[in-house]
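To be precise, the following lines are structure_32.cif, and they hold mmCIF, C-alpha atoms.
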data_input
loop_
_atom_site.label_atom_id
_atom_site.label_comp_id
_atom_site.auth_asym_id
_atom_site.auth_seq_id
_atom_site.Cartn_x
_atom_site.Cartn_y
_atom_site.Cartn_z
CA MET A 1 58.56 -35.42 16.90
CA GLN A 2 56.37 -36.34 19.79
CA SER A 3 52.90 -37.55 19.00
CA ALA A 4 49.71 -36.49 20.72
CA ALA A 5 46.30 -38.11 20.81
CA TYR A 6 42.72 -37.50 21.84
CA SER A 7 41.60 -40.78 23.33
CA LEU A 8 38.55 -42.35 24.85
CA SER A 9 38.96 -45.39 26.99
CA SER A 10 37.44 -48.59 25.75
CA PRO A 11 33.94 -49.32 26.93
CA CYS A 12 35.08 -52.65 28.25
CA SER A 13 36.77 -50.89 31.16
CA ILE A 14 33.45 -49.66 32.48
CA PRO A 15 32.08 -52.15 34.97
CA SER A 16 28.56 -53.40 34.85
CA LEU A 17 26.08 -51.65 37.06
CA LYS A 18 24.85 -53.39 40.16
CA PRO A 19 21.30 -52.88 41.31
CA ARG A 20 21.01 -50.51 44.22
CA LYS A 21 18.47 -50.23 46.91
CA PHE A 22 15.58 -47.84 46.37
CA GLY A 23 16.39 -44.43 47.74
CA SER A 24 20.18 -44.75 47.49
CA ARG A 25 21.90 -41.72 46.03
CA ALA A 26 23.55 -42.23 42.69
CA GLY A 27 26.74 -40.21 42.43
CA PHE A 28 28.61 -39.13 39.35
CA GLN A 29 32.35 -39.02 39.54
CA PRO A 30 34.03 -36.26 37.55
CA ILE A 31 35.63 -37.06 34.21
CA ARG A 32 39.37 -36.69 34.42
CA VAL A 33 41.28 -34.88 31.66
CA SER A 34 44.97 -35.62 31.68
CA SER A 35 47.85 -34.45 29.53
CA SER A 36 50.49 -36.92 28.51
CA PHE A 37 53.44 -37.00 26.20
CA ALA A 38 53.51 -40.80 26.12
CA ALA A 39 51.44 -42.97 23.89
CA PRO A 40 48.50 -44.63 25.64
CA GLU A 41 49.00 -48.24 26.66
CA ARG A 42 45.45 -49.40 25.98
CA HIS A 43 43.98 -49.94 22.56
CA GLU A 44 42.13 -46.67 21.87
CA HIS A 45 40.66 -44.81 18.92
CA SER A 46 42.82 -41.79 18.41
CA VAL A 47 43.51 -38.88 16.07
CA SER A 48 47.11 -37.75 15.73
CA LEU A 49 47.83 -34.10 16.42
CA PRO A 50 51.24 -32.42 16.81
CA ASN A 51 53.08 -31.65 20.05
CA ARG A 52 50.57 -32.71 22.71
CA SER A 53 48.08 -35.41 23.64
CA TRP A 54 44.96 -35.03 25.73
CA ARG A 55 43.39 -38.14 27.23
CA LEU A 56 39.74 -38.21 28.14
CA SER A 57 39.26 -41.16 30.43
CA SER A 58 36.32 -42.28 32.44
CA SER A 59 36.49 -43.38 36.03
CA SER A 60 35.63 -46.95 36.68
CA SER A 61 33.13 -45.83 39.27
CA LEU A 62 31.15 -43.70 36.82
CA PRO A 63 27.55 -45.04 36.93
CA LEU A 64 26.83 -44.66 33.23
CA ARG A 65 25.91 -47.28 30.66
CA ALA A 66 28.35 -48.19 27.96
CA TRP A 67 28.01 -46.55 24.55
CA ASN A 68 29.17 -47.51 21.09
CA LEU A 69 32.02 -45.55 19.61
CA VAL A 70 31.80 -44.20 16.05
CA PRO A 71 33.76 -46.49 13.72
CA SER A 72 37.01 -45.10 12.43
CA ASP A 73 35.97 -45.56 8.81
CA SER A 74 32.87 -43.32 9.16
CA LYS A 75 32.61 -40.18 7.04
CA PRO A 76 34.08 -37.04 8.56
CA ASP A 77 31.72 -34.72 10.37
CA ARG A 78 32.51 -31.82 8.04
CA PHE A 79 30.58 -33.48 5.21
CA GLU A 80 27.51 -33.72 7.41
CA VAL A 81 27.86 -30.06 8.34
CA ARG A 82 28.11 -29.01 4.73
CA ALA A 83 25.06 -31.02 3.77
CA THR A 84 23.12 -29.47 6.62
CA ALA A 85 24.16 -25.98 5.54
CA ALA A 86 23.04 -26.66 1.97
CA GLU A 87 19.71 -27.98 3.18
CA SER A 88 19.28 -24.89 5.38
CA ALA A 89 20.03 -22.62 2.42
CA GLY A 90 17.47 -24.47 0.30
CA GLU A 91 14.88 -24.20 3.04
CA GLY A 92 15.66 -20.47 3.33
CA GLU A 93 15.12 -19.96 -0.40
CA LYS A 94 11.81 -21.86 -0.28
CA SER A 95 10.71 -19.82 2.72
CA GLY A 96 11.63 -16.55 0.98
CA SER A 97 9.80 -17.61 -2.18
CA LEU A 98 6.71 -18.51 -0.16
CA VAL A 99 6.74 -15.13 1.58
CA LYS A 100 6.97 -13.32 -1.77
CA THR A 101 4.11 -15.38 -3.18
CA LEU A 102 1.92 -14.65 -0.16
CA GLU A 103 2.80 -10.95 -0.37
CA LEU A 104 1.89 -10.83 -4.07
CA GLY A 105 -1.37 -12.67 -3.39
CA LEU A 106 -2.21 -10.17 -0.65
CA LEU A 107 -1.56 -7.25 -3.04
CA PHE A 108 -3.84 -8.75 -5.69
CA GLY A 109 -6.53 -9.28 -3.06
CA LEU A 110 -6.25 -5.67 -1.89
CA TRP A 111 -6.33 -4.46 -5.51
CA TYR A 112 -9.63 -6.22 -6.14
CA LEU A 113 -11.10 -5.30 -2.75
CA PHE A 114 -10.35 -1.56 -3.09
CA ASN A 115 -11.83 -1.65 -6.61
CA ILE A 116 -15.06 -3.19 -5.33
CA TYR A 117 -15.36 -0.61 -2.54
CA PHE A 118 -14.62 2.26 -4.91
CA ASN A 119 -17.28 1.28 -7.40
CA ILE A 120 -19.95 0.55 -4.78
CA TYR A 121 -19.43 3.72 -2.71
CA ASN A 122 -18.95 5.87 -5.79
CA LYS A 123 -22.17 4.61 -7.34
CA GLN A 124 -24.10 5.20 -4.11
CA VAL A 125 -22.90 8.81 -3.96
CA LEU A 126 -23.43 9.60 -7.65
CA LYS A 127 -27.00 8.25 -7.54
CA VAL A 128 -28.01 11.03 -5.12
CA PHE A 129 -25.33 13.69 -5.63
CA HIS A 130 -25.31 14.45 -9.36
CA TYR A 131 -22.10 16.45 -9.56
CA PRO A 132 -19.38 14.23 -11.11
CA VAL A 133 -16.88 17.07 -11.53
CA THR A 134 -17.06 17.91 -7.82
CA ILE A 135 -16.80 14.23 -6.85
CA SER A 136 -13.75 13.82 -9.11
CA ALA A 137 -12.13 16.88 -7.51
CA VAL A 138 -12.80 15.45 -4.03
CA GLN A 139 -11.13 12.17 -5.03
CA PHE A 140 -8.05 14.00 -6.29
CA ALA A 141 -8.00 16.13 -3.12
CA VAL A 142 -7.94 13.05 -0.89
CA GLY A 143 -5.22 11.52 -3.07
CA THR A 144 -3.17 14.72 -2.77
CA ILE A 145 -3.40 14.57 1.03
CA ILE A 146 -2.31 10.91 1.06
CA VAL A 147 0.67 11.63 -1.22
CA SER A 148 1.71 14.62 0.91
CA LEU A 149 1.61 12.49 4.07
CA MET A 150 3.66 9.74 2.39
CA TRP A 151 6.34 12.22 1.40
CA THR A 152 6.28 14.07 4.74
CA PHE A 153 6.76 10.94 6.86
CA ASN A 154 9.18 9.31 4.36
CA LEU A 155 6.82 6.43 3.66
CA TYR A 156 7.87 6.94 0.04
CA LYS A 157 10.86 8.92 -1.14
CA LYS A 158 10.01 12.48 -2.16
CA PRO A 159 11.16 12.94 -5.77
CA LYS A 160 13.30 15.70 -7.19
CA VAL A 161 11.44 16.83 -10.29
CA SER A 162 12.77 19.27 -12.86
CA GLY A 163 10.69 21.94 -14.58
CA GLU A 164 11.04 20.07 -17.87
CA GLN A 165 9.57 16.97 -16.28
CA LEU A 166 6.62 18.90 -14.84
CA VAL A 167 5.86 20.34 -18.28
CA ALA A 168 5.91 16.83 -19.76
CA ILE A 169 3.58 15.55 -17.01
CA VAL A 170 0.88 18.22 -17.53
CA PRO A 171 -0.67 16.48 -20.60
CA LEU A 172 -0.74 13.21 -18.64
CA ALA A 173 -2.57 14.93 -15.80
CA LEU A 174 -5.13 16.39 -18.22
CA VAL A 175 -6.05 13.03 -19.76
CA HIS A 176 -6.00 11.45 -16.28
CA ILE A 177 -8.60 14.01 -15.20
CA LEU A 178 -10.74 13.26 -18.24
CA GLY A 179 -10.49 9.50 -17.74
CA ASN A 180 -11.66 9.68 -14.13
CA LEU A 181 -14.28 12.34 -14.83
CA PHE A 182 -15.90 10.39 -17.68
CA THR A 183 -15.89 7.21 -15.58
CA ASN A 184 -17.78 9.03 -12.82
CA MET A 185 -20.22 10.46 -15.36
CA SER A 186 -20.90 6.97 -16.71
CA LEU A 187 -21.34 5.47 -13.23
CA GLY A 188 -23.88 8.18 -12.48
CA LYS A 189 -25.93 7.24 -15.58
CA VAL A 190 -25.79 3.45 -15.97
CA ALA A 191 -25.17 0.33 -13.90
CA VAL A 192 -21.65 -0.36 -12.61
CA SER A 193 -21.60 -3.69 -14.46
CA PHE A 194 -22.42 -2.01 -17.77
CA THR A 195 -19.79 0.72 -17.30
CA HIS A 196 -17.12 -1.91 -16.76
CA THR A 197 -18.34 -3.98 -19.69
CA ILE A 198 -17.83 -0.94 -21.93
CA LYS A 199 -14.45 -0.29 -20.33
CA ALA A 200 -13.42 -3.74 -21.56
CA MET A 201 -12.95 -1.91 -24.88
CA GLU A 202 -9.70 -0.37 -23.59
CA PRO A 203 -7.47 -2.75 -25.63
CA PHE A 204 -9.21 -1.60 -28.83
CA PHE A 205 -8.33 2.04 -28.12
CA SER A 206 -4.82 1.07 -27.04
CA VAL A 207 -4.14 -0.68 -30.37
CA VAL A 208 -5.59 2.16 -32.45
CA LEU A 209 -3.75 4.95 -30.60
CA SER A 210 -0.44 3.05 -30.53
CA ALA A 211 -0.63 2.54 -34.28
CA MET A 212 -1.50 6.20 -34.91
CA PHE A 213 1.02 7.92 -32.60
CA LEU A 214 3.73 5.35 -31.84
CA GLY A 215 3.82 3.46 -35.15
CA GLU A 216 3.28 0.14 -33.36
CA LEU A 217 1.33 -1.99 -35.83
CA PRO A 218 -0.61 -4.87 -34.23
CA THR A 219 -0.09 -8.48 -35.19
CA LEU A 220 -2.88 -10.57 -36.69
CA TRP A 221 -3.23 -12.31 -33.33
CA VAL A 222 -3.91 -9.00 -31.59
CA VAL A 223 -6.40 -7.91 -34.25
CA GLY A 224 -8.17 -11.27 -33.93
CA SER A 225 -8.46 -10.87 -30.16
CA LEU A 226 -10.21 -7.51 -30.60
CA LEU A 227 -13.14 -9.08 -32.48
CA PRO A 228 -14.71 -10.84 -29.46
CA ILE A 229 -14.15 -7.71 -27.36
CA VAL A 230 -16.07 -5.47 -29.76
CA GLY A 231 -18.72 -8.10 -30.45
CA GLY A 232 -19.27 -8.81 -26.77
CA VAL A 233 -19.65 -5.12 -25.88
CA VAL A 234 -22.17 -4.63 -28.71
CA LEU A 235 -24.19 -7.66 -27.58
CA ALA A 236 -24.18 -6.50 -23.96
CA SER A 237 -25.16 -2.94 -24.92
CA VAL A 238 -28.15 -4.03 -27.00
CA THR A 239 -29.57 -6.07 -24.11
CA GLU A 240 -28.59 -3.74 -21.20
CA ALA A 241 -31.59 -2.73 -19.07
CA SER A 242 -29.97 0.52 -17.84
CA PHE A 243 -28.63 1.55 -21.26
CA ASN A 244 -28.60 5.22 -22.22
CA TRP A 245 -26.38 7.10 -24.62
CA PRO A 246 -24.80 9.58 -22.16
CA GLY A 247 -23.66 6.69 -19.95
CA PHE A 248 -22.40 4.70 -22.96
CA TRP A 249 -20.43 7.55 -24.54
CA SER A 250 -19.00 8.64 -21.18
CA ALA A 251 -17.55 5.17 -20.66
CA MET A 252 -16.18 5.18 -24.22
CA ALA A 253 -14.60 8.62 -23.65
CA SER A 254 -13.05 7.25 -20.46
CA ASN A 255 -11.44 4.45 -22.49
CA LEU A 256 -10.05 6.95 -24.97
CA ALA A 257 -8.65 9.21 -22.23
CA ASN A 258 -7.06 6.41 -20.22
CA GLN A 259 -5.35 4.86 -23.21
CA SER A 260 -4.23 8.30 -24.42
CA ARG A 261 -2.50 8.71 -21.06
CA ASN A 262 -0.63 5.42 -21.60
CA VAL A 263 0.44 6.42 -25.11
CA LEU A 264 1.50 9.90 -24.01
CA SER A 265 3.54 8.49 -21.12
CA LYS A 266 5.46 6.34 -23.62
CA LYS A 267 5.91 9.21 -26.03
CA LEU A 268 6.82 12.01 -23.59
CA MET A 269 8.62 10.23 -20.74
CA VAL A 270 11.21 8.41 -22.84
CA LYS A 271 14.53 9.80 -21.55
CA LYS A 272 16.05 7.37 -19.08
CA GLU A 273 17.81 10.06 -17.10
CA GLU A 274 14.47 11.79 -16.61
CA SER A 275 12.38 8.69 -15.99
CA LEU A 276 10.23 8.43 -12.87
CA ASP A 277 8.94 5.24 -11.33
CA ASN A 278 5.23 4.53 -11.73
CA ILE A 279 4.21 5.35 -8.14
CA THR A 280 6.05 8.69 -8.18
CA LEU A 281 4.57 9.58 -11.57
CA PHE A 282 1.07 8.69 -10.39
CA SER A 283 1.56 10.77 -7.23
CA ILE A 284 2.61 13.85 -9.19
CA ILE A 285 -0.27 13.37 -11.66
CA THR A 286 -2.72 13.17 -8.72
CA ILE A 287 -1.53 16.48 -7.25
CA MET A 288 -1.59 18.17 -10.65
CA SER A 289 -5.07 16.80 -11.35
CA PHE A 290 -6.44 18.33 -8.15
CA ILE A 291 -4.83 21.71 -8.85
CA LEU A 292 -6.20 21.76 -12.40
CA LEU A 293 -9.69 20.37 -11.68
CA ALA A 294 -10.64 22.18 -8.45
CA PRO A 295 -11.22 25.61 -10.09
CA VAL A 296 -13.07 23.95 -12.99
CA ALA A 297 -15.40 22.16 -10.55
CA ILE A 298 -16.20 25.43 -8.76
CA PHE A 299 -16.77 27.25 -12.05
CA VAL A 300 -18.93 24.54 -13.66
CA GLU A 301 -20.91 23.16 -10.69
CA GLY A 302 -20.34 25.72 -7.96
CA ILE A 303 -19.48 24.94 -4.35
CA LYS A 304 -21.80 22.00 -3.75
CA PHE A 305 -19.86 19.74 -1.40
CA THR A 306 -21.01 21.55 1.74
CA PRO A 307 -23.36 20.49 4.58
CA ALA A 308 -25.58 23.55 3.93
CA TYR A 309 -26.19 22.64 0.29
CA MET A 310 -26.70 18.93 1.01
CA GLN A 311 -29.24 19.66 3.72
CA SER A 312 -31.11 22.04 1.41
CA ALA A 313 -31.17 19.28 -1.23
CA GLY A 314 -32.66 16.85 1.30
CA LEU A 315 -29.57 14.61 1.42
CA ASN A 316 -28.18 12.72 4.37
CA VAL A 317 -25.02 14.78 4.90
CA LYS A 318 -23.17 12.18 6.95
CA GLU A 319 -23.84 9.37 4.45
CA VAL A 320 -22.80 11.42 1.41
CA VAL A 321 -19.62 12.76 3.01
CA VAL A 322 -18.51 9.44 4.53
CA ARG A 323 -19.16 7.44 1.37
CA SER A 324 -17.48 10.08 -0.79
CA LEU A 325 -14.36 9.95 1.38
CA LEU A 326 -14.35 6.15 1.43
CA ALA A 327 -14.70 6.08 -2.36
CA ALA A 328 -11.83 8.58 -2.68
CA LEU A 329 -9.60 6.55 -0.33
CA SER A 330 -10.40 3.36 -2.24
CA PHE A 331 -9.77 5.11 -5.58
CA HIS A 332 -6.28 6.21 -4.58
CA ALA A 333 -5.48 2.96 -2.75
CA TYR A 334 -6.35 0.63 -5.62
CA GLN A 335 -4.22 2.61 -8.06
CA GLN A 336 -1.26 2.68 -5.66
CA VAL A 337 -1.54 -1.09 -5.14
CA SER A 338 -1.86 -1.60 -8.90
CA TYR A 339 1.49 0.11 -9.46
CA MET A 340 3.06 -1.85 -6.60
CA ILE A 341 1.98 -5.06 -8.33
CA LEU A 342 3.34 -3.81 -11.66
CA GLN A 343 6.77 -3.41 -10.03
CA ARG A 344 6.72 -7.10 -9.03
CA VAL A 345 5.25 -8.84 -12.09
CA SER A 346 5.44 -8.59 -15.87
CA PRO A 347 3.03 -6.33 -17.81
CA VAL A 348 1.35 -9.44 -19.25
CA THR A 349 0.64 -10.84 -15.78
CA HIS A 350 -0.64 -7.44 -14.71
CA SER A 351 -2.97 -7.31 -17.73
CA VAL A 352 -4.38 -10.74 -16.90
CA GLY A 353 -4.88 -9.61 -13.31
CA ASN A 354 -6.67 -6.50 -14.55
CA CYS A 355 -9.00 -8.66 -16.63
CA VAL A 356 -9.82 -10.81 -13.61
CA LYS A 357 -10.35 -7.63 -11.58
CA ARG A 358 -13.00 -6.43 -14.04
CA VAL A 359 -14.83 -9.74 -13.74
CA VAL A 360 -14.74 -9.49 -9.93
CA VAL A 361 -16.07 -5.91 -10.00
CA ILE A 362 -18.90 -6.76 -12.43
CA VAL A 363 -20.02 -9.82 -10.48
CA SER A 364 -19.83 -8.08 -7.08
CA SER A 365 -21.76 -5.03 -8.32
CA VAL A 366 -24.50 -7.19 -9.84
CA ILE A 367 -24.88 -9.02 -6.53
CA PHE A 368 -24.73 -5.89 -4.35
CA PHE A 369 -27.07 -3.69 -6.40
CA LYS A 370 -29.24 -6.65 -7.52
CA THR A 371 -28.85 -5.53 -11.13
CA PRO A 372 -31.20 -7.37 -13.50
CA VAL A 373 -29.11 -9.25 -16.04
CA SER A 374 -30.48 -11.27 -18.95
CA LEU A 375 -28.84 -14.39 -20.36
CA ILE A 376 -27.86 -12.61 -23.60
CA ASN A 377 -26.44 -9.68 -21.64
CA SER A 378 -24.35 -12.04 -19.52
CA LEU A 379 -23.17 -13.81 -22.65
CA GLY A 380 -22.07 -10.53 -24.25
CA THR A 381 -20.19 -9.49 -21.13
CA GLY A 382 -18.52 -12.90 -20.93
CA ILE A 383 -17.43 -12.81 -24.59
CA ALA A 384 -15.97 -9.30 -24.17
CA LEU A 385 -14.01 -10.28 -21.06
CA ALA A 386 -12.78 -13.48 -22.72
CA GLY A 387 -11.53 -11.31 -25.59
CA VAL A 388 -9.67 -9.09 -23.11
CA PHE A 389 -8.01 -12.15 -21.60
CA LEU A 390 -7.06 -13.42 -25.05
CA TYR A 391 -5.64 -10.00 -25.93
CA SER A 392 -3.46 -9.99 -22.82
CA ARG A 393 -2.03 -13.37 -23.86
CA VAL A 394 -1.41 -12.79 -27.57
CA LYS A 395 -0.03 -9.28 -27.08
CA ARG A 396 3.35 -10.71 -26.13
CA ILE A 397 3.61 -12.72 -29.35
CA LYS A 398 6.19 -10.93 -31.48
CA PRO A 399 6.04 -11.03 -35.29
CA LYS A 400 8.73 -13.16 -36.88
CA ALA A 401 11.59 -11.17 -38.37
CA LYS A 402 11.73 -11.34 -42.13
CA ALA A 403 14.71 -13.21 -43.55
CA ALA A 404 17.23 -10.99 -45.35
#
Show me this structure written as structure tokens.
Amino acid sequence: MQSAAYSLSSPCSIPSLKPRKFGSRAGFQPIRVSSSFAAPERHEHSVSLPNRSWRLSSSSSLPLRAWNLVPSDSKPDRFEVRATAAESAGEGEKSGSLVKTLELGLLFGLWYLFNIYFNIYNKQVLKVFHYPVTISAVQFAVGTIIVSLMWTFNLYKKPKVSGEQLVAIVPLALVHILGNLFTNMSLGKVAVSFTHTIKAMEPFFSVVLSAMFLGELPTLWVVGSLLPIVGGVVLASVTEASFNWPGFWSAMASNLANQSRNVLSKKLMVKKEESLDNITLFSIITIMSFILLAPVAIFVEGIKFTPAYMQSAGLNVKEVVVRSLLAALSFHAYQQVSYMILQRVSPVTHSVGNCVKRVVVIVSSVIFFKTPVSLINSLGTGIALAGVFLYSRVKRIKPKAKAA
């Protein structure tokens, strides 16, 4: 067989460059490519290939400096390419991980921010417009509009819900209404910081209701974590400047309703083939809540959310309406973002984030409203929130299985 070679002429054949006068034109002669069936006469670095040889030779008149050829014992280029590809893949994974981390951080930031806005605007409205049922109905109405727009413009897939599923969701909507209504009643009576200190009791109600209706008995670790929660809430309540019983019991009723919703969702929505994702379930509950609460609000409080009534009551119509709508938007937004976070992290991480959120809301409301807080009151709030954090950590500890 005939042999073929790719060859480069030896650098020794390139003559040294002579200095030229300034302004002379330097020309480049073309590189000649020749095909040959004969082996090259000069000593050249070559790679054998079948059937044909291509010689790449440089003209002696080429005004280029000599270069060093790659030694024949160097590692093949393919290894360098593979290493580069692996490094690129690693960099891609790091970049993707960084993007996900930044996205999750942004969601947590929005969760906290919407919560702060909701509590501030809601408190400002409820201080002057003492109709919590109407305000709750307005919040569900705004949420219903947002959900309808999301489904209409395919921002979120519109679900196909069976009649059996709707029947199962009705009890969830009822306790959702009660949870939001009692929260608004409490915010209208006491300071935002105190309402959220009482709402730190949610784990206590969760443990009690889960044991009663789901048969989930708590571990000793969980029971131990409830002690600082209860003790901290009691200490904060005794020293709270804005304390009153209607505000206290409304916040407690809100805890009971919200945790009842969680227990009912576990008990009623158990069939996998009928399961709905959290955002879809929340969207349906929002629409149902508006449909169920709107007639109740009209019957109990009358039609109060009108410019004519607000003017007759001496209220600033623009301020009340704008702040009510902003509170409603923030209310729906923070719950949507909360469920988006829950789809990306574990329930334990979400619980810790919720604990931090309550701290952020309490601190921001105290600063914004300049709420007077005593040292003992702050200590009680801190103990309760520390208990909530401890609960979120020990909840995942499973009891050891008994040996047979």
Kindly resolve the PyMOL selection byres ((chain A and resi 374-389) around 7) on the present coordinates and return the residues as a list in words.
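Selected by the PyMOL selection byres ((chain A and resi 374-389) around 7) in this file: Thr197, Ala200, Ser225, Leu226, Pro228, Ile229, Val230, Gly231, Gly232, Val233, Leu235, Ala236, Thr239, Glu240, Val352, Cys355, Pro372, Val373, Leu390, Tyr391, Ser392 and Arg393 of chain A.
Within 10 Å of A:Val138, once only C-alpha atoms are used and residues closer than 5 positions along the same chain are dropped, the contacting residues are Pro132, Val133, Gly143, Thr144, Phe290, Leu293, Ala294, Ala297, Phe305, Ser324, Leu325, Ala327 and Ala328 of chain A.
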Shell around A:Lys158 at 12 Å using only C-alpha atoms, local window under 2 positions removed, as a VMD selection string
chain A and resid 147 to 156 160 to 161 276 to 277 279 to 281 283 to 284
Just checking: using all atoms listed in the file, which residue out of A:Ala141, A:Thr101, A:Leu113, A:Gly224 ends up closest to A:Ile291?
A:Ala141
In Å, with one decimal, what is the gap from atom CA of A:Lys395 to atom CA of A:Ala173?
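Separation of atom CA of A:Lys395 and atom CA of A:Ala173: 26.8 Å.
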